[in-house]
Structure formats: C-alpha cells, structure tokens
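First the structure, in the form of structure tokens, and then the observations on it.
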Amino acid sequence: MKPELISIVVPCYNEQEALPLYYKAFDALRRKMQAAYPVEFELILVDDGSRDDTLKIAAGLAGQDGDVKYLSFSRNFGKEAGILAGLQHAHGDYVAMMDADLQDPPELLEQMYQMLQNPDLDCVATRRATRKGEPPLRSWFARMFYKLINKISDTEIVDGARDYRLMKRRMVDSILELQEVNRFSKGIFSWVGYRTEWLSYDNIERAAGQTKWSFWGLMLYALDGIVAFSTAPLSVAMVFGLLFALVAMVMILVIIVKTLVFGDPVAGYPSMMCVIFLVAGVQMFCIGIIGQYLAKAYLETKRRPSYFVRQGNAEKYHRE
Ligand code: UDP
Ligand code: MG
C-alpha cells in the first residue's frame, strides 16, 4: 500500500526562538507516527516576511531534512496569507495547520489522524477549553465577539476555536476554491461544511518568543470577521430609520394635541439640539457601517494576490 502523506503547514513570523523547538517536536512526532502507521510527512514552513533569523533557520532545516519545505514572503502579509500559501503548497492526503510556538501541541496530531480513519469524518479541529492565562478584558471581548457573530451570521464560528486542525484532501480542495482576497479562516473552515469533530485542550503558553497580536489588532480582526461573514450590520440603518419614524409620528400627535389644548409657547431649544445630535450620530454610524462593506468590496475588486513568494523550495499543488 502506498503510504499516506500528511502535510503540516506552519506559518512563522519572527519565530527564531520557537522554530528550532518546533522542529524538534515535529521530528519526535514523525518518528513516533511512522513507527505506528504507513505515513509520510511534509512540513511546510511559511516565513511571513520575518525580520529575524526565521528564514535562515527554515532554509537550514529544509537543506538538512528532505521532508521540510519552506516558502518566504516578500514582506509580512499576515497569518491568513500564510495559511493560504501553506494550503496551496501542500500535497498531502491530509493537511494540518499548526502554530510554530507549540501552543498547538504536535502530539495531538496522532489522535487526530486516528480519528480521521473513520470515513465519516473529514476534519478534526481543536478549541481551547479555557482562556486561562489571558488578560480578562481580552477574554471578555472575545466572548462577546463570538456571541455577536454567531447571532448575526449563518456560518457557525466556534468560540475558542484555534486554527490547529487536520483535514482530508477533499476539504482542503474546497477551501482553495474560495477565491476571496480578504480571508477569515475561522469562517471559511466552517463555511465549506464537511464533518468536523472537535477536540478541546487547555490553553498552553507560548514555548518562546512573543505573541504577534495586540489588543487593537484583534479588534480589527474581529471586525473583518463580522464584515466577511455577515451582512446583518447593513440592516442597522433600516431598523433605526423605522424606529425613529415611529417615534416622530408619536411626537407629532402629542404636539398637535398639546398645541390645541395649551396653545403654542416657544420652548425646547436644548431638546432640539439633543435630537439633532442623536439623529446625526445614528446616521453617521450607519454610513460608517456601509463604508466598512464598501471598503471590503473595493479591496476585493482589485484582485490583488494575497502574497508574493520571494524565496523557497516548496512547489505549488495542482489538482489532477
Ligand atoms: N503569524 C504569521 N504572521 C503574522 C502573525 C503571526 O505567520 O503576521 C504566525 C506566528 O508565527 C504563529 C502563528 O501565526 O506561528 C500564531 O501567532 P501568535 O502565536 O502570535 O498568535 P496567538 O497564538 O497569540 O494567537
Ligand atoms: Mg501563539
């Protein structure tokens, strides 16, 4: 029987401290799994325009280990681009996505592979059971984000889902068929469907180096997710419009009756200012929402490539 190929995609941005540790863990996993199953491995390191020695380390590993491939971007294009590039260059019957910082325990891959022997399953994904070790404010915002997006989007976005997962070829092919430039993977993985089973594990601290996410960066990422997977905010203007029209109708009636009964003394400058500010504020808010979608549509129509490869030995995968 022909051995099955497992591709592991690892996006790396400034991971010079973590990458050697990651490679050690990968090597141990490879040895362990190859002793138990007829499998081969392909490790695809995607250097996302790192400013440290990540590229040197990745190229070095690729030179000494035939199972290691690498790609290096012309600049930092973001993790989403790294994931996309990895998937496009993965040749495996199974493709896994993993962070370089060992927050996604490589040992779990064996269990995922075992689970995928079940023909009814297409993917095993992971989620964090807890948000331990994270700043409380960040956890709170994250929880609110998942609540909100699941309410306003048809695509289910699992709370605490990590990008760490193992997928069968057919699911990867489907993901690659999505042509959008603004990619929000958490949504895309869910949107393509297929049968996914979830594993949870406790939050693990980074093995080395530092997180690339600032609080503000996460906020913008959350906004991207909402704009990419829901159009519900666009209806906000309609709801406000209807609401204000109703209130205005009631106010008109009240004023007519009041004028008839008590006459018409001039008053109400402060309340008028309040109303003007309120209505103007709501209008601006709604225009802002429309602007967000317009901006995304604008960027999408440019059809800019998600990344440029400057250097590397990984080959693009072409479907037969
Ligand atoms: N990463 C990347 N490009 C970026 C930012 C991050 O490829 O612009 C990679 C990073 O090297 C790591 C993974 O994405 O392998 C997750 O990043 P990080 O650990 O900083 O995120 P966190 O685990 O804190 O959510
Ligand atoms: Mg991490």
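Just remember, in the structure tokens the first chain shown is A, the second B, etc., residues are 1-based per chain, and ligands are 1-based in the order shown.
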Show me which residues are within 7 Å of ligand 1 counting only C-alpha atoms and all ligand atoms, and format the list as a short mmCIF file (atom, residue, chain, number, x, y, z; two decimals) with N, CA and C atoms, in the first residue's frame.
data_model
loop_
_atom_site.label_atom_id
_atom_site.label_comp_id
_atom_site.auth_asym_id
_atom_site.auth_seq_id
_atom_site.Cartn_x
_atom_site.Cartn_y
_atom_site.Cartn_z
N VAL A 10 2.96 25.39 8.69
CA VAL A 10 3.29 26.20 9.86
C VAL A 10 3.64 27.63 9.44
N PRO A 11 2.73 28.59 9.67
CA PRO A 11 3.07 29.98 9.38
C PRO A 11 4.01 30.51 10.45
N CYS A 12 5.08 31.16 10.04
CA CYS A 12 6.07 31.64 11.02
C CYS A 12 6.35 33.12 10.79
N TYR A 13 6.19 33.89 11.80
CA TYR A 13 6.57 35.30 11.72
C TYR A 13 7.42 35.63 12.93
N ASN A 14 8.67 35.96 12.72
CA ASN A 14 9.62 36.23 13.80
C ASN A 14 9.62 35.12 14.85
N GLU A 15 9.88 33.91 14.42
CA GLU A 15 9.84 32.76 15.31
C GLU A 15 11.22 32.13 15.48
N ASP A 47 7.48 31.37 5.89
CA ASP A 47 8.07 32.53 6.56
C ASP A 47 7.35 33.78 6.07
N ASP A 48 6.61 34.40 6.98
CA ASP A 48 5.75 35.52 6.63
C ASP A 48 6.52 36.84 6.73
N ASN A 76 5.71 40.97 5.26
CA ASN A 76 4.73 40.37 6.16
C ASN A 76 3.32 40.55 5.59
N PHE A 77 2.68 39.45 5.24
CA PHE A 77 1.33 39.54 4.67
C PHE A 77 0.26 39.11 5.66
N GLY A 78 0.66 38.68 6.84
CA GLY A 78 -0.32 38.26 7.85
C GLY A 78 -0.54 36.76 7.86
N LYS A 79 -1.04 36.27 8.98
CA LYS A 79 -1.19 34.83 9.16
C LYS A 79 -2.16 34.21 8.15
N GLY A 82 -0.37 33.39 5.17
CA GLY A 82 0.50 32.26 5.43
C GLY A 82 -0.27 30.94 5.34
N ASP A 99 0.56 26.24 14.73
CA ASP A 99 1.40 27.41 15.02
C ASP A 99 2.81 26.95 15.35
N ALA A 100 3.77 27.85 15.17
CA ALA A 100 5.16 27.50 15.39
C ALA A 100 5.53 27.56 16.87
N ASP A 101 4.67 28.13 17.70
CA ASP A 101 5.07 28.42 19.08
C ASP A 101 4.74 27.29 20.06
N GLN A 103 1.97 26.23 20.92
CA GLN A 103 0.69 26.37 21.62
C GLN A 103 -0.31 25.35 21.08
N ARG A 206 2.98 30.10 25.19
CA ARG A 206 3.98 30.06 24.12
C ARG A 206 5.29 29.43 24.60
N GLN A 210 7.25 35.94 21.26
CA GLN A 210 6.12 36.75 21.73
C GLN A 210 4.94 36.68 20.79
N THR A 211 3.75 36.88 21.35
CA THR A 211 2.56 36.88 20.51
C THR A 211 2.58 38.07 19.56
N LYS A 212 2.00 37.89 18.35
CA LYS A 212 2.02 38.95 17.35
C LYS A 212 0.74 39.76 17.40
N TRP A 213 -0.15 39.41 18.33
CA TRP A 213 -1.45 40.06 18.36
C TRP A 213 -1.51 41.13 19.44
#
Every residue of region 89-240 of chain A that DSSP places in strand (DSSP E or B), as a list in words: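 Strand (DSSP E or B) members of region 89-240 of chain A, listed: Tyr94, Val95, Ala96, Met97, Cys123, Val124, Ala125, Thr126, Arg127, Arg128, Ala161, Arg162, Asp163, Tyr164, Arg165, Leu166, Met167, Lys168, Thr196, Glu197, Trp198, Leu199, Ser200 and Tyr201 of chain A.
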A:Lys147, A:Lys258, A:Arg169, A:Arg310 ranked by distance to Gln88 (chain A), top pick (using only C-alpha atoms):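 When distances to Gln88 (chain A) are compared using only C-alpha atoms, the smallest one comes from A:Arg169.
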Contacts of region 266-275 of chain A within 12 Å, only C-alpha atoms, excl. fewer than 4 positions in-chain, as JSON, numbers by chain: {"A": [244, 247, 248, 259, 262, 279, 280, 281, 282]}
Need to verify the contact set: Ala58 (chain A), 10 Å, only C-alpha atoms, exclusion of same-chain residues closer than 6 positions in sequence. Can you return it as a PyMOL selection string? chain A and resi 12+15-16+19-20+23+44-47+68-72+312
With C-alpha atoms retained, export the selected residues as an mmCIF file, in the first residue's frame.
data_model
loop_
_atom_site.group_PDB
_atom_site.id
_atom_site.type_symbol
_atom_site.label_atom_id
_atom_site.label_comp_id
_atom_site.auth_asym_id
_atom_site.auth_seq_id
_atom_site.Cartn_x
_atom_site.Cartn_y
_atom_site.Cartn_z
ATOM 1 C CA CYS A 12 6.067 31.644 11.017
ATOM 2 C CA GLU A 15 9.840 32.759 15.315
ATOM 3 C CA GLN A 16 13.616 32.323 15.527
ATOM 4 C CA LEU A 19 11.191 27.299 15.350
ATOM 5 C CA PRO A 20 14.076 25.028 16.465
ATOM 6 C CA TYR A 23 11.217 21.252 14.627
ATOM 7 C CA ILE A 44 5.778 23.388 5.077
ATOM 8 C CA LEU A 45 7.290 26.370 6.834
ATOM 9 C CA VAL A 46 5.843 29.642 5.592
ATOM 10 C CA ASP A 47 8.066 32.534 6.563
ATOM 11 C CA VAL A 68 10.913 20.067 5.171
ATOM 12 C CA LYS A 69 9.819 22.609 2.567
ATOM 13 C CA TYR A 70 9.858 26.328 3.004
ATOM 14 C CA LEU A 71 8.480 29.471 1.447
ATOM 15 C CA SER A 72 9.397 33.022 2.225
ATOM 16 C CA GLY A 312 11.649 28.875 -1.200
#
Taking 2 positions as the minimum chain separation for residues in the same chain, which residues sit within 8 Å of region 161-164 of chain A when counting only C-alpha atoms? Answer as a list in words. Ala96, Met97, Met98, Asp99, Asp104, Ala125, Thr126, Arg127, Arg128, Ile157, Val158, Asp159, Leu166, Ser185 and Lys186 of chain A
Those in region 3-105 of chain A with alpha helix (DSSP H) from DSSP, as a ChimeraX atom specification: /A:18-36,54-64,79-89
Interatomic distance, CA of Ala232 (chain A) to CA of Arg131 (chain A) (Å, one decimal):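 So the answer is 28.2 Å.
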Residue nearest ligand 2 - candidates A:Ile289, A:Ile204, A:Val239, A:Met144, atoms counted: only C-alpha atoms and all ligand atoms: A:Ile204
To one decimal place, how far is CA of Ile256 (chain A) from CA of Ala237 (chain A) in Å?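 Computing the Euclidean distance for CA of Ile256 (chain A) and CA of Ala237 (chain A) yields 28.2 Å.
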List the spatial neighbours of region 190-198 of chain A as a short mmCIF file (atom, residue, chain, number, x, y, z; two decimals) with N, CA, C and O atoms, in the first residue's frame - criterion: any atom at most 10 Å away, only C-alpha atoms, same-chain residues fewer than 4 positions off excluded.
data_model
loop_
_atom_site.label_atom_id
_atom_site.label_comp_id
_atom_site.auth_asym_id
_atom_site.auth_seq_id
_atom_site.Cartn_x
_atom_site.Cartn_y
_atom_site.Cartn_z
N MET A 112 -5.62 12.87 16.10
CA MET A 112 -6.44 13.41 15.00
C MET A 112 -6.41 12.47 13.81
O MET A 112 -7.42 12.21 13.18
N MET A 115 -8.51 9.48 14.42
CA MET A 115 -9.93 9.79 14.30
C MET A 115 -10.36 9.89 12.83
O MET A 115 -11.46 9.50 12.46
N LEU A 116 -9.46 10.40 11.99
CA LEU A 116 -9.82 10.58 10.58
C LEU A 116 -9.81 9.27 9.80
O LEU A 116 -10.17 9.25 8.63
N ASP A 120 -16.41 8.62 7.86
CA ASP A 120 -17.48 9.61 8.01
C ASP A 120 -16.98 10.98 8.43
O ASP A 120 -17.75 11.93 8.52
N LEU A 121 -15.70 11.07 8.74
CA LEU A 121 -15.16 12.35 9.22
C LEU A 121 -14.24 12.98 8.17
O LEU A 121 -13.52 12.27 7.47
N ASP A 122 -14.25 14.30 8.08
CA ASP A 122 -13.38 14.98 7.12
C ASP A 122 -12.33 15.83 7.81
O ASP A 122 -11.35 16.24 7.20
N CYS A 123 -12.58 16.15 9.08
CA CYS A 123 -11.69 17.11 9.72
C CYS A 123 -11.75 16.94 11.24
O CYS A 123 -12.82 16.68 11.79
N VAL A 124 -10.61 17.08 11.88
CA VAL A 124 -10.61 17.16 13.34
C VAL A 124 -10.01 18.51 13.70
O VAL A 124 -8.88 18.83 13.30
N ALA A 125 -10.77 19.32 14.38
CA ALA A 125 -10.31 20.67 14.72
C ALA A 125 -10.16 20.77 16.24
O ALA A 125 -10.59 19.89 16.97
N THR A 126 -9.53 21.84 16.68
CA THR A 126 -9.31 21.97 18.11
C THR A 126 -9.88 23.28 18.64
O THR A 126 -10.00 24.26 17.91
N ARG A 127 -10.19 23.27 19.89
CA ARG A 127 -10.62 24.51 20.56
C ARG A 127 -10.03 24.53 21.94
O ARG A 127 -9.69 23.49 22.51
N ASP A 154 -24.85 33.25 9.44
CA ASP A 154 -25.34 31.87 9.27
C ASP A 154 -24.21 30.88 9.45
O ASP A 154 -24.44 29.70 9.68
N THR A 155 -22.99 31.34 9.29
CA THR A 155 -21.84 30.46 9.43
C THR A 155 -21.50 30.34 10.91
O THR A 155 -21.33 31.35 11.58
N GLU A 156 -21.39 29.11 11.40
CA GLU A 156 -21.10 28.96 12.82
C GLU A 156 -19.62 29.19 13.06
O GLU A 156 -18.76 28.62 12.40
N ILE A 157 -19.30 30.05 14.01
CA ILE A 157 -17.91 30.29 14.35
C ILE A 157 -17.74 29.87 15.81
O ILE A 157 -18.30 30.48 16.71
N VAL A 158 -17.01 28.79 15.99
CA VAL A 158 -16.94 28.16 17.31
C VAL A 158 -16.07 28.97 18.28
O VAL A 158 -14.95 29.35 17.94
N ALA A 161 -12.20 28.42 19.07
CA ALA A 161 -11.62 27.56 18.05
C ALA A 161 -10.22 28.06 17.71
O ALA A 161 -10.00 29.25 17.57
N ARG A 165 -5.74 22.22 13.10
CA ARG A 165 -6.66 21.20 12.64
C ARG A 165 -5.99 20.27 11.64
O ARG A 165 -4.95 20.60 11.07
N LEU A 166 -6.61 19.10 11.43
CA LEU A 166 -6.15 18.16 10.40
C LEU A 166 -7.33 17.90 9.49
O LEU A 166 -8.42 17.58 9.96
N MET A 167 -7.11 18.08 8.18
CA MET A 167 -8.22 17.95 7.23
C MET A 167 -7.88 16.94 6.16
O MET A 167 -6.72 16.76 5.82
N LYS A 168 -8.90 16.33 5.60
CA LYS A 168 -8.69 15.46 4.45
C LYS A 168 -8.61 16.29 3.18
O LYS A 168 -9.11 17.41 3.13
N ARG A 170 -10.16 16.38 0.39
CA ARG A 170 -11.34 16.96 -0.25
C ARG A 170 -11.74 18.28 0.38
O ARG A 170 -12.18 19.21 -0.30
N MET A 171 -11.56 18.37 1.70
CA MET A 171 -11.93 19.63 2.37
C MET A 171 -10.94 20.74 1.99
O MET A 171 -11.34 21.88 1.74
N VAL A 172 -9.66 20.39 1.92
CA VAL A 172 -8.64 21.39 1.55
C VAL A 172 -8.93 21.92 0.14
O VAL A 172 -8.87 23.12 -0.11
N SER A 174 -11.73 22.16 -1.33
CA SER A 174 -12.88 23.08 -1.28
C SER A 174 -12.46 24.44 -0.74
O SER A 174 -12.88 25.47 -1.27
N ILE A 175 -11.65 24.43 0.29
CA ILE A 175 -11.20 25.71 0.87
C ILE A 175 -10.45 26.52 -0.18
O ILE A 175 -10.61 27.73 -0.28
N GLU A 177 -10.94 26.52 -3.25
CA GLU A 177 -11.81 27.03 -4.30
C GLU A 177 -12.38 28.40 -3.97
O GLU A 177 -12.86 29.12 -4.85
N LEU A 178 -12.36 28.76 -2.71
CA LEU A 178 -12.84 30.10 -2.34
C LEU A 178 -11.83 31.14 -2.78
O LEU A 178 -10.67 31.09 -2.39
N SER A 185 -10.16 32.81 8.05
CA SER A 185 -10.13 31.34 8.02
C SER A 185 -11.14 30.68 8.94
O SER A 185 -11.76 29.69 8.58
N LYS A 186 -11.28 31.23 10.13
CA LYS A 186 -12.22 30.61 11.08
C LYS A 186 -13.60 30.47 10.45
O LYS A 186 -14.30 29.50 10.68
N PHE A 229 -18.45 37.67 7.13
CA PHE A 229 -19.41 36.57 7.26
C PHE A 229 -20.81 36.97 7.69
O PHE A 229 -21.60 36.13 8.08
#
